[in-house]
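What follows is the content of model_33.txt, which has compact mmCIF, C-alpha atoms:
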# COMPACT_ATOMS: atom_id res chain seq x y z
CA MET A 1 93.13 108.24 148.65
CA ALA A 2 89.83 106.73 149.70
CA ALA A 3 86.77 108.92 149.27
CA LEU A 4 85.83 110.72 152.47
CA GLN A 5 82.33 110.55 153.93
CA GLN A 6 80.47 113.30 155.76
CA LEU A 7 79.86 111.98 159.27
CA GLU A 8 78.58 113.27 162.60
CA PHE A 9 79.87 112.63 166.09
CA PHE A 10 79.16 113.73 169.63
CA LEU A 11 81.00 113.50 172.93
CA LEU A 12 79.66 112.49 176.31
CA ARG A 13 81.37 113.97 179.35
CA TYR A 14 81.15 112.64 182.90
CA ALA A 15 80.34 115.43 185.37
CA GLY A 16 80.23 113.53 188.65
CA ASP A 17 79.69 116.22 191.30
CA ILE A 18 78.11 119.00 189.22
CA THR A 19 78.71 121.56 191.99
CA LYS A 20 82.42 121.50 191.06
CA GLY A 21 81.73 122.50 187.48
CA GLU A 22 84.22 119.90 186.19
CA SER A 23 83.91 117.07 183.72
CA ILE A 24 86.03 114.60 181.73
CA ASN A 25 85.52 112.82 178.42
CA LEU A 26 83.48 109.68 178.93
CA GLY A 27 82.42 108.51 175.49
CA VAL A 28 82.18 109.27 171.79
CA ALA A 29 79.53 108.28 169.26
CA VAL A 30 79.63 108.38 165.46
CA ILE A 31 76.69 108.45 163.06
CA GLY A 32 77.00 108.10 159.31
CA PRO A 33 76.10 106.17 156.15
CA GLU A 34 77.21 102.57 155.83
CA HIS A 35 77.01 100.65 152.55
CA GLY A 36 74.54 97.80 152.78
CA GLN A 37 73.39 98.70 156.28
CA ALA A 38 69.82 99.94 156.66
CA GLY A 39 69.64 103.10 158.71
CA GLY A 40 73.37 103.66 158.35
CA PHE A 41 76.05 103.28 161.01
CA ALA A 42 75.63 104.49 164.60
CA ASP A 43 77.68 103.34 167.55
CA VAL A 44 79.10 104.62 170.83
CA ARG A 45 82.22 103.80 172.81
CA PHE A 46 82.91 104.68 176.43
CA THR A 47 86.37 104.99 177.94
CA ARG A 48 87.88 101.82 179.35
CA ASN A 49 90.22 103.79 181.60
CA LEU A 50 88.45 103.08 184.90
CA ARG A 51 91.46 104.30 186.88
CA ARG A 52 91.05 107.77 185.39
CA LEU A 53 87.34 107.77 186.18
CA HIS A 54 88.00 106.75 189.79
CA CYS A 55 90.65 109.44 190.14
CA PHE A 56 88.13 112.00 188.92
CA ASP A 57 85.27 110.66 191.07
CA PRO A 58 86.04 108.00 193.70
CA LEU A 59 82.30 107.33 194.02
CA VAL A 60 81.70 106.67 190.32
CA ASP A 61 79.35 103.76 189.65
CA THR A 62 81.02 102.01 186.71
CA ASP A 63 78.24 99.43 186.46
CA GLU A 64 75.75 102.24 185.95
CA LEU A 65 77.94 103.78 183.25
CA ALA A 66 78.31 100.40 181.51
CA ALA A 67 74.53 100.04 181.51
CA LEU A 68 74.21 103.56 180.12
CA GLU A 69 76.63 102.73 177.31
CA ARG A 70 74.58 99.66 176.36
CA GLU A 71 71.36 101.68 176.43
CA ILE A 72 72.77 104.41 174.20
CA GLN A 73 74.25 101.85 171.80
CA ARG A 74 70.93 99.99 171.57
CA ASP A 75 68.94 103.15 170.85
CA LEU A 76 71.47 104.54 168.38
CA GLN A 77 71.38 101.36 166.31
CA ASP A 78 67.59 101.45 166.05
CA PRO A 79 66.77 104.11 163.41
CA GLN A 80 63.34 104.69 164.93
CA LYS A 81 64.76 105.38 168.39
CA ARG A 82 67.83 107.32 167.32
CA ALA A 83 66.12 110.67 166.72
CA GLU A 84 64.26 110.38 170.01
CA LEU A 85 67.51 109.55 171.80
CA LEU A 86 69.31 112.59 170.44
CA LYS A 87 66.44 114.82 171.55
CA ARG A 88 66.20 113.50 175.09
CA MET A 89 69.84 113.01 176.01
CA ASN A 90 70.29 116.44 177.57
CA ASP A 91 67.35 115.94 179.89
CA ALA A 92 67.91 112.27 180.65
CA TRP A 93 71.44 112.41 182.04
CA SER A 94 72.26 116.11 182.44
CA ASN A 95 73.13 115.74 186.15
CA LEU A 96 75.67 112.98 185.66
CA VAL A 97 76.61 112.77 181.98
CA GLN A 98 76.69 115.82 179.76
CA PHE A 99 75.88 115.46 176.07
CA GLN A 100 77.70 117.78 173.67
CA PRO A 101 75.92 118.76 170.43
CA LEU A 102 76.52 116.95 167.16
CA GLN A 103 79.61 118.00 165.22
CA GLY A 104 80.61 117.32 161.64
CA SER A 105 83.55 115.14 160.67
CA LEU A 106 85.11 113.59 157.57
CA GLY A 107 86.41 110.03 157.43
CA GLU A 108 86.93 106.98 155.27
CA SER A 109 84.20 105.07 157.14
CA PRO A 110 82.13 105.53 160.29
CA ALA A 111 83.77 102.55 161.99
CA LYS A 112 87.29 103.86 161.37
CA GLU A 113 86.25 107.33 162.48
CA LEU A 114 84.91 105.90 165.74
CA GLU A 115 88.29 104.26 166.32
CA ARG A 116 90.14 107.48 165.55
CA LEU A 117 87.96 109.71 167.70
CA SER A 118 88.01 107.21 170.58
CA SER A 119 91.79 107.23 170.49
CA MET A 120 91.86 111.02 170.36
CA TYR A 121 89.31 111.79 173.07
CA LEU A 122 89.26 108.80 175.40
CA GLU A 123 92.79 107.49 175.74
CA THR A 124 95.04 108.75 178.51
CA PRO A 125 97.78 111.01 177.13
CA THR A 126 101.12 109.24 176.85
CA ILE A 127 104.63 110.66 177.05
CA GLY A 128 104.66 110.83 173.27
CA GLU A 129 101.45 112.85 173.23
CA ARG A 130 102.90 115.29 175.75
CA ARG A 131 105.87 115.70 173.41
CA GLU A 132 103.46 116.39 170.56
CA ARG A 133 101.91 119.23 172.52
CA SER A 134 105.41 120.55 173.14
CA GLY A 135 105.95 120.39 169.38
CA ARG A 136 102.85 122.51 168.78
CA GLN A 137 103.94 124.93 171.46
CA ARG A 138 107.32 125.34 169.77
CA ILE A 139 105.63 126.17 166.48
CA LEU A 140 103.24 128.57 168.21
CA ALA A 141 106.11 130.32 170.04
CA TYR A 142 107.97 130.77 166.76
CA MET A 143 104.85 132.15 165.07
CA THR A 144 104.36 134.60 167.94
CA ASP A 145 107.99 135.78 167.76
CA GLU A 146 107.84 136.37 164.01
CA LEU A 147 104.50 138.21 164.19
CA GLU A 148 105.97 140.41 166.91
CA THR A 149 109.11 141.05 164.85
CA ALA A 150 106.93 142.10 161.92
CA GLY A 151 105.06 144.49 164.21
CA VAL A 152 101.63 142.94 163.59
CA LEU A 153 101.08 140.90 166.76
CA PRO A 154 99.02 143.66 168.49
CA LEU A 155 96.77 143.86 165.42
CA LEU A 156 95.74 140.19 165.52
CA LEU A 157 93.07 138.44 167.52
CA ARG A 158 94.36 135.51 169.61
CA ASN A 159 92.79 132.33 171.01
CA ILE A 160 89.66 132.88 168.95
CA SER A 161 86.70 130.83 170.15
CA MET A 162 84.81 128.98 167.41
CA ALA A 163 81.64 128.43 169.44
CA GLU A 164 80.07 131.57 167.92
CA TYR A 165 80.38 130.12 164.43
CA THR A 166 79.75 126.42 165.08
CA ARG A 167 77.74 125.44 168.18
CA PRO A 168 77.55 126.66 171.77
CA GLY A 169 80.04 124.77 173.89
CA ASP A 170 82.53 124.15 171.08
CA PRO A 171 85.92 124.13 172.89
CA LEU A 172 88.00 124.80 169.77
CA LYS A 173 90.07 127.99 169.77
CA LEU A 174 92.28 129.09 166.88
CA ASP A 175 95.63 130.72 167.51
CA PHE A 176 95.54 133.94 165.45
CA GLY A 177 93.17 135.74 163.11
CA TYR A 178 92.59 139.06 161.39
CA ALA A 179 90.05 140.70 159.10
CA SER A 180 91.08 141.68 155.58
CA GLY A 181 88.40 143.16 153.35
CA GLN A 182 85.62 140.60 152.95
CA SER A 183 87.78 137.84 154.41
CA PHE A 184 88.87 136.63 157.82
CA LYS A 185 92.19 134.84 157.91
CA PHE A 186 93.34 132.36 160.56
CA LEU A 187 96.81 131.13 161.48
CA GLN A 188 97.08 127.86 163.38
CA ALA A 189 100.02 125.87 164.72
CA VAL A 190 99.71 122.13 164.04
CA SER A 191 102.33 119.57 165.06
CA PHE A 192 102.64 116.18 163.41
CA ALA A 193 105.61 115.21 165.55
CA GLN A 194 103.85 112.17 167.01
CA ARG A 195 100.42 111.86 165.36
CA THR A 196 98.54 112.98 162.26
CA GLU A 197 95.16 113.30 163.99
CA PRO A 198 95.45 117.03 164.90
CA GLY A 199 95.66 117.95 161.23
CA MET A 200 92.81 115.65 160.23
CA LEU A 201 90.59 116.98 163.02
CA LEU A 202 91.28 120.57 161.96
CA ALA A 203 90.48 119.62 158.36
CA SER A 204 87.16 118.10 159.38
CA ARG A 205 86.22 121.19 161.40
CA PHE A 206 87.27 123.98 159.04
CA PRO A 207 84.38 123.71 156.51
CA GLN A 208 81.89 124.11 159.37
CA ILE A 209 83.83 127.11 160.70
CA ALA A 210 83.94 128.70 157.24
CA ALA A 211 80.20 128.17 156.74
CA GLY A 212 79.45 129.74 160.14
CA LEU A 213 81.58 132.80 159.41
CA LYS A 214 79.91 133.24 156.04
CA GLU A 215 76.44 132.95 157.54
CA LYS A 216 76.97 135.12 160.63
CA LYS A 217 79.58 137.64 159.51
CA GLY A 218 79.26 137.59 155.73
CA VAL A 219 82.99 137.01 155.27
CA THR A 220 85.06 134.29 153.63
CA ALA A 221 87.28 132.24 155.95
CA TRP A 222 90.87 131.42 155.06
CA MET A 223 93.32 129.38 157.10
CA THR A 224 97.05 128.79 157.01
CA ALA A 225 98.36 125.92 159.15
CA LEU A 226 102.03 126.09 160.16
CA VAL A 227 103.41 122.57 160.57
CA ASP A 228 106.69 120.96 161.58
CA ASP A 229 109.62 121.48 159.23
CA ASP A 230 110.92 118.50 157.23
CA LEU A 231 107.96 116.21 157.87
CA PRO A 232 108.69 112.55 157.11
CA ARG A 233 106.42 111.52 154.25
CA SER A 234 104.30 108.41 154.60
CA ASP A 235 100.90 107.33 153.31
CA GLU A 236 99.31 108.42 156.59
CA MET A 237 101.10 111.78 156.55
CA ASN A 238 100.18 112.38 152.91
CA PHE A 239 96.57 111.50 153.69
CA ALA A 240 96.44 114.04 156.53
CA LEU A 241 98.05 116.80 154.48
CA GLU A 242 95.79 116.14 151.48
CA MET A 243 92.76 116.14 153.76
CA MET A 244 93.75 119.57 155.08
CA GLN A 245 94.31 120.97 151.61
CA GLU A 246 91.02 119.56 150.32
CA SER A 247 89.17 121.30 153.16
CA GLY A 248 90.63 124.65 152.06
CA ILE A 249 93.56 124.92 154.50
CA VAL A 250 96.90 126.19 153.21
CA VAL A 251 99.71 124.14 154.77
CA ALA A 252 103.15 125.68 155.22
CA PRO A 253 106.28 124.62 157.11
CA ALA A 254 107.11 126.70 160.19
CA ALA A 255 110.26 127.94 158.43
CA LYS A 256 107.99 130.01 156.15
CA MET A 257 106.67 132.04 159.09
CA PRO A 258 108.95 135.10 158.56
CA GLU A 259 107.63 135.42 154.99
CA ILE A 260 104.03 134.95 156.15
CA ALA A 261 104.43 137.54 158.91
CA GLU A 262 105.87 140.07 156.45
CA ALA A 263 103.02 139.41 154.00
CA ILE A 264 100.52 140.05 156.80
CA ARG A 265 102.30 143.32 157.64
CA VAL A 266 102.03 144.51 154.03
CA GLU A 267 98.41 143.37 153.78
CA LEU A 268 97.31 145.11 156.98
CA ARG A 269 99.22 148.30 156.13
CA ALA A 270 97.49 148.40 152.74
CA SER A 271 94.05 147.96 154.32
CA HIS A 272 94.45 150.86 156.76

Take the structure in the file and give it back as structure tokens.
Amino acid sequence: MAALQQLEFFLLRYAGDITKGESINLGVAVIGPEHGQAGGFADVRFTRNLRRLHCFDPLVDTDELAALEREIQRDLQDPQKRAELLKRMNDAWSNLVQFQPLQGSLGESPAKELERLSSMYLETPTIGERRERSGRQRILAYMTDELETAGVLPLLLRNISMAEYTRPGDPLKLDFGYASGQSFKFLQAVSFAQRTEPGMLLASRFPQIAAGLKEKKGVTAWMTALVDDDLPRSDEMNFALEMMQESGIVVAPAAKMPEIAEAIRVELRASH
């Protein structure tokens, strides 16, 4: 497997009429080292789905957004202007385009990571992607049933926001979690039914989450990801699973959930 690089990315969200308090993903930018390139790699990509933008805001000025994309790209690729750009983005376009803080990511190269994140955040969901979400929901429902059967569901936290441990505005929420001694343990449903990206994204985020928990709560973070049973093995699938394991995530098939739920019951009973 190719060596992974520590990268950074940020999202831009189009707010349109800010009085509505709504926004949609507009663009994604990636910053990272690039062999042989002075100042490293830095580039931005805006959505090309103009129909979606017009549905969100019929008055959207796409020429203005195209000009904004070129301006951001130009400043990102100039190392002297990049730091200034990142400082002024919130003020410069806060009424129309919202800038989300930098987040960490792992990838083979910045260019490939830009492609991956653009596909994840900017493309319109397809029927297959809707099925993937259904796959995750099936795993999550099974996890919930088994935790309830084991009698531990009321003892667990649910839909745990990560913003407290990463950055304000982080939308990530983890399915279940509980404290155990000097540790905090998460359970997360992850479906690979259609794509491997959900697992890779979780892998790239978990080290930051663990560091935040250690710094702010003084506890060690653990995570078990429950995935689809009988996953077809391919190079891409193996890469995603290895990436999760290397980030400290334990990966288990959903069929193991009864055993995991019983182990949690024993663990929590012993700690009380």

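Taking atom CA of A:Glu113 and atom CA of A:Leu7 as endpoints, the distance between them is 8.5 Å.
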
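Using all atoms listed in the file for every distance, the candidate list A:Gln100, A:Ser247, A:Thr196, A:Gln188 yields A:Thr196 as the residue closest to A:Ser234.
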
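Minimum atom-to-atom distances from A:Cys55, A:Ala42, A:Ile139, A:Val97 to A:Leu12 were compared using only C-alpha atoms, and the lowest value belongs to A:Val97.
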
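Across the structure, atom CA of A:Arg82 and atom CA of A:Asp61 are spaced 25.4 Å apart.
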
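Take atom CA of A:Arg45 and atom CA of A:Met243: the distance between them is 25.0 Å.
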
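Take the candidates A:Gly181, A:Gly199, A:Pro101, A:Gly135 and check each one against A:Ala221 using all atoms listed in the file; the shortest distance goes to A:Gly181.
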
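When only C-alpha atoms are used to compute distances to A:Ile72, the closest of the residues A:Val251, A:Val44, A:Ala163, A:Leu155 turns out to be A:Val44.
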
Find the residues around A:Leu140 up to 12 Å (only C-alpha atoms counted), leave out those fewer than 5 positions away in its own chain, and share them as a list in words.
-> Arg133, Ser134, Gly135, Asp145, Glu146, Leu147, Arg158, Asn159, Leu174, Asp175, Phe176, Leu187, Gln188, Ala189, Val190, Ser191, Ala225, Leu226, Val227, Asp228, Ala254 and Met257 of chain A

From the set A:Leu102, A:Met120, A:Met244, A:Leu59, which residue has the shortest atom-to-atom contact distance to A:Pro168, counting only C-alpha atoms?
-> A:Leu102

A:Ala211 surroundings by all atoms listed in the file, 8 Å radius, close-in-sequence under 4 positions cut, as a short mmCIF file (atom, residue, chain, number, x, y, z; two decimals) with C-alpha atoms, keeping the file's coordinate frame:
data_model
loop_
_atom_site.label_atom_id
_atom_site.label_comp_id
_atom_site.auth_asym_id
_atom_site.auth_seq_id
_atom_site.Cartn_x
_atom_site.Cartn_y
_atom_site.Cartn_z
CA TYR A 165 80.38 130.12 164.43
CA PRO A 207 84.38 123.71 156.51
CA GLU A 215 76.44 132.95 157.54
#

Please provide the set of residues having any atom within 10 Å of A:Gly32, restricted to only C-alpha atoms, with same-chain residues fewer than 4 positions apart removed, written as a list in words.
-> Gln5, Gln6, Leu7, Glu8, Phe9, Gly39, Gly40, Phe41, Ala42, Asp43, Ser105, Leu106, Gly107, Ser109, Pro110, Ala111 and Glu113 of chain A

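All residues of protein, DNA or RNA that reach within 10 Å of A:Thr62, judged by all atoms listed in the file and not counting those fewer than 5 positions away in the chain, are Leu50, Leu53, His54, Ala67 and Leu68 of chain A.
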
With only C-alpha atoms as the basis for distance, which of A:Leu241, A:Ile264, A:Ser118, A:Lys87 is at the shortest distance from A:Gly177?
-> A:Ile264

Within 6 Å of A:Ser23, counting all atoms listed in the file, which residues qualify if same-chain residues fewer than 3 places away don't, as a VMD selection string?
-> chain A and resid 13 to 15
